[in-house]
Amino acid sequence: MKTAKLIIGIISIVLFLVVIFQSCAAGIGNALEENEEISGSAGVVVALCFLIAGIVGIAVRSKPAGGFISGGFYAVGGILGITNYGSFS
């Protein structure tokens with residue numbers, strides 16, 4: 001189980017880089033179009049939740065509570081992502 005938590009933490013940190021890059025691009029697009037959407041900013045917060053969950057998952061992988069804490073950050077990021085998506089055409 002420790003190995004799985006380590007792998008999931010590493011994948012989360014790599015996905016942080018992908019999501020932060022995409023969110024920055026979406027935020028710039030929202031600013032240039034002046035469409036008053038917050039999907040880019042929400043994506044940055046989701047990316048930070050991924051990063052925090054990945055770091056916590058790696059740091060406390062030997063303790064059972066670490067999985068619940070990481071899962072909480074994943075849940076918060078997921079809820080933010082679902083509620084603040086934009087309309088990309």
# chains A, B, ... in the order shown; residues from 1 in each chain; ligands from 1

call {"tool": "residues_around", "arguments": {"residues": "Val46 of chain A", "least_positions_apart": "2", "cutoff": "9 Å", "atoms": "only C-alpha atoms", "output": "VMD selection string"}}
result
chain A and resid 16 19 to 20 41 to 44 48 to 51 74 76 to 81

call {"tool": "residues_around", "arguments": {"residues": "Ile38 of chain A", "least_positions_apart": "5", "cutoff": "9 Å", "atoms": "only C-alpha atoms", "output": "list in words"}}
result
Gly27, Asn30, Gly43, Asn84, Tyr85 and Gly86 of chain A

call {"tool": "write_last_selection", "arguments": {"atoms": "N, CA and C atoms", "output": "JSON list (two decimals), in the first residue's frame"}}
result
[["chain", "number", "residue", "atom", "x", "y", "z"],
["A", 27, "GLY", "N", -7.06, 31.07, -18.03],
["A", 27, "GLY", "CA", -7.21, 32.36, -17.36],
["A", 27, "GLY", "C", -6.84, 33.52, -18.25],
["A", 30, "ASN", "N", -9.65, 33.90, -20.72],
["A", 30, "ASN", "CA", -10.79, 34.56, -20.11],
["A", 30, "ASN", "C", -10.56, 36.06, -19.96],
["A", 43, "GLY", "N", -9.12, 26.60, -11.80],
["A", 43, "GLY", "CA", -8.19, 25.56, -12.20],
["A", 43, "GLY", "C", -6.87, 25.65, -11.46],
["A", 84, "ASN", "N", -17.03, 25.13, -11.02],
["A", 84, "ASN", "CA", -16.52, 26.36, -11.66],
["A", 84, "ASN", "C", -16.01, 26.15, -13.07],
["A", 85, "TYR", "N", -16.52, 25.18, -13.77],
["A", 85, "TYR", "CA", -16.04, 24.97, -15.13],
["A", 85, "TYR", "C", -16.58, 26.08, -16.04],
["A", 86, "GLY", "N", -15.88, 26.34, -17.12],
["A", 86, "GLY", "CA", -16.26, 27.41, -18.04],
["A", 86, "GLY", "C", -16.86, 26.83, -19.30]]

call {"tool": "residues_around", "arguments": {"residues": "Ile7 of chain A", "least_positions_apart": "3", "cutoff": "12 Å", "atoms": "only C-alpha atoms", "output": "list in words"}}
result
Met1, Lys2, Thr3, Ala4, Ile10, Ile11, Ser12, Ile13, Val14, Gly54, Ile55, Gly57, Ile58 and Arg61 of chain A

call {"tool": "residues_around", "arguments": {"residues": "Ile28 of chain A", "least_positions_apart": "6", "cutoff": "12 Å", "atoms": "only C-alpha atoms", "output": "PDB file with N, CA and C atoms, in the first residue's frame"}}
result
ATOM      1  N   PHE A  21      -0.588  24.616 -16.036  1.00  0.00           N
ATOM      2  CA  PHE A  21      -0.307  25.190 -17.356  1.00  0.00           C
ATOM      3  C   PHE A  21      -1.607  25.449 -18.117  1.00  0.00           C
ATOM      4  N   GLN A  22      -2.512  24.479 -18.104  1.00  0.00           N
ATOM      5  CA  GLN A  22      -3.788  24.637 -18.801  1.00  0.00           C
ATOM      6  C   GLN A  22      -4.630  25.733 -18.163  1.00  0.00           C
ATOM      7  N   GLU A  34     -12.670  38.887 -21.944  1.00  0.00           N
ATOM      8  CA  GLU A  34     -13.476  39.644 -20.979  1.00  0.00           C
ATOM      9  C   GLU A  34     -14.856  39.019 -20.790  1.00  0.00           C
ATOM     10  N   ASN A  35     -14.902  37.705 -20.631  1.00  0.00           N
ATOM     11  CA  ASN A  35     -16.178  37.010 -20.488  1.00  0.00           C
ATOM     12  C   ASN A  35     -16.570  36.769 -19.036  1.00  0.00           C
ATOM     13  N   GLU A  36     -15.808  37.282 -18.090  1.00  0.00           N
ATOM     14  CA  GLU A  36     -16.093  37.223 -16.660  1.00  0.00           C
ATOM     15  C   GLU A  36     -16.269  35.802 -16.130  1.00  0.00           C
ATOM     16  N   GLU A  37     -15.549  34.842 -16.696  1.00  0.00           N
ATOM     17  CA  GLU A  37     -15.548  33.480 -16.176  1.00  0.00           C
ATOM     18  C   GLU A  37     -14.354  33.314 -15.239  1.00  0.00           C
ATOM     19  N   ILE A  38     -14.483  32.411 -14.282  1.00  0.00           N
ATOM     20  CA  ILE A  38     -13.420  32.205 -13.309  1.00  0.00           C
ATOM     21  C   ILE A  38     -12.817  30.808 -13.428  1.00  0.00           C
ATOM     22  N   SER A  39     -13.031  30.175 -14.555  1.00  0.00           N
ATOM     23  CA  SER A  39     -12.559  28.800 -14.701  1.00  0.00           C
ATOM     24  C   SER A  39     -11.042  28.700 -14.642  1.00  0.00           C
ATOM     25  N   GLY A  40     -10.335  29.691 -15.131  1.00  0.00           N
ATOM     26  CA  GLY A  40      -8.876  29.657 -15.071  1.00  0.00           C
ATOM     27  C   GLY A  40      -8.367  29.756 -13.644  1.00  0.00           C
ATOM     28  N   SER A  41      -8.955  30.662 -12.877  1.00  0.00           N
ATOM     29  CA  SER A  41      -8.561  30.812 -11.474  1.00  0.00           C
ATOM     30  C   SER A  41      -8.948  29.589 -10.651  1.00  0.00           C
TER      31      SER A  41
END
